[in-house]
Amino acid sequence: SPAYAESLRCGNKLVLPGDSRTEVRQKCGEPGDVAHSVLVRRSSIADHRGVTYREEETAVAVEVWNYNLGSHRFMYRLRFVDGILEGVETRGYGYDGKDVP
């Protein structure tokens, strides 16, 4: 099962939650694959008495990037919400190109 990490090291550079997609791409290069989805956030606006008078829905872009760093290193899954890195997930060991069926 996957584990959650606080960061990802690419060479001598560290990727941390809060980094932008551009920063991560500069530090780690292009991901092996990218999945796109949309997250709908709901929020309520209330008056000073706490009575809700308006609810809003906002669509936010989500991207999941996967990095396969080879058979001697773990794979990583990075989740970006609205262009900002939200989390880093450590996966199992990666694979070399020759290991792919």
# chains A, B, ... in the order shown; residues from 1 in each chain; ligands from 1

$ residues_around --residues "segment 36-39 of chain A" --least-positions-apart "3" --cutoff "9 Å" --atoms "only C-alpha atoms" --output "list in words"
Thr58, Ala59, Val60, Ala61, Val62, Glu63, Val64 and Val81 of chain A

$ write_last_selection --atoms "N, CA, C and O atoms" --output "tab-separated table (two decimals), in the first residue's frame"
chain	number	residue	atom	x	y	z
A	58	THR	N	-17.14	25.70	-6.64
A	58	THR	CA	-16.01	26.11	-7.47
A	58	THR	C	-15.32	24.87	-8.01
A	58	THR	O	-15.00	23.96	-7.24
A	59	ALA	N	-15.08	24.83	-9.30
A	59	ALA	CA	-14.35	23.73	-9.92
A	59	ALA	C	-12.86	24.04	-9.87
A	59	ALA	O	-12.43	25.14	-10.22
A	60	VAL	N	-12.08	23.07	-9.39
A	60	VAL	CA	-10.64	23.25	-9.24
A	60	VAL	C	-9.94	22.13	-10.00
A	60	VAL	O	-10.30	20.95	-9.87
A	61	ALA	N	-8.94	22.49	-10.79
A	61	ALA	CA	-8.18	21.50	-11.56
A	61	ALA	C	-7.28	20.68	-10.64
A	61	ALA	O	-6.61	21.23	-9.76
A	62	VAL	N	-7.27	19.37	-10.86
A	62	VAL	CA	-6.40	18.45	-10.11
A	62	VAL	C	-5.56	17.68	-11.13
A	62	VAL	O	-6.07	17.22	-12.14
A	63	GLU	N	-4.26	17.59	-10.86
A	63	GLU	CA	-3.36	16.78	-11.68
A	63	GLU	C	-2.60	15.84	-10.77
A	63	GLU	O	-2.17	16.22	-9.69
A	64	VAL	N	-2.45	14.61	-11.22
A	64	VAL	CA	-1.65	13.63	-10.50
A	64	VAL	C	-0.50	13.24	-11.42
A	64	VAL	O	-0.71	12.79	-12.53
A	81	VAL	N	-3.30	20.52	-6.71
A	81	VAL	CA	-4.64	21.08	-6.70
A	81	VAL	C	-4.50	22.54	-7.05
A	81	VAL	O	-3.77	23.28	-6.38

$ select_by_dssp --residues "chain A" --states "strand (DSSP E or B)" --output "PyMOL selection string"
chain A and resi 3-5+8-10+13-15+20+33-46+52-68+74-81+84-93

$ residues_around --residues "Gly18 of chain A" --least-positions-apart "4" --cutoff "12 Å" --atoms "only C-alpha atoms" --output "ChimeraX atom specification"
/A:6-7,14,22-24,78-88

$ closest_atom_pairs --of "segment 28-51 of chain A" --to "segment 68-75 of chain A" --cutoff "12 Å" --atoms "only C-alpha atoms" --output "tab-separated table"
residue	atom	partner	partner_atom	distance
A:Cys28	CA	A:Leu69	CA	10.2
A:Gly29	CA	A:Leu69	CA	11.3
A:Glu30	CA	A:Asn68	CA	10.7
A:Pro31	CA	A:Asn68	CA	8.0
A:Gly32	CA	A:Asn68	CA	6.6
A:Asp33	CA	A:Asn68	CA	9.3

$ select_by_dssp --residues "chain A" --states "helix (DSSP H, G or I)" --output "PDB file with C-alpha atoms, in the first residue's frame"
ATOM      1  CA  ARG A  21       3.950  22.621 -11.070  1.00  0.00           C
ATOM      2  CA  THR A  22       6.604  24.788 -12.731  1.00  0.00           C
ATOM      3  CA  GLU A  23       8.950  24.473  -9.749  1.00  0.00           C
ATOM      4  CA  VAL A  24       8.506  20.695  -9.606  1.00  0.00           C
ATOM      5  CA  ARG A  25       9.079  20.353 -13.365  1.00  0.00           C
ATOM      6  CA  GLN A  26      12.285  22.421 -13.070  1.00  0.00           C
ATOM      7  CA  LYS A  27      13.535  20.278 -10.179  1.00  0.00           C
ATOM      8  CA  CYS A  28      12.484  16.811 -11.399  1.00  0.00           C
ATOM      9  CA  GLY A  97      12.248   0.222 -19.353  1.00  0.00           C
ATOM     10  CA  LYS A  98      13.360  -3.340 -20.024  1.00  0.00           C
ATOM     11  CA  ASP A  99      11.135  -4.567 -17.140  1.00  0.00           C
TER      12      ASP A  99
END

$ atom_distance --atom1 "atom CA of Asn66 of chain A" --atom2 "atom CA of Ser20 of chain A"
15.5 Å

$ atom_distance --atom1 "atom CA of Gly11 of chain A" --atom2 "atom CA of Thr90 of chain A"
16.7 Å
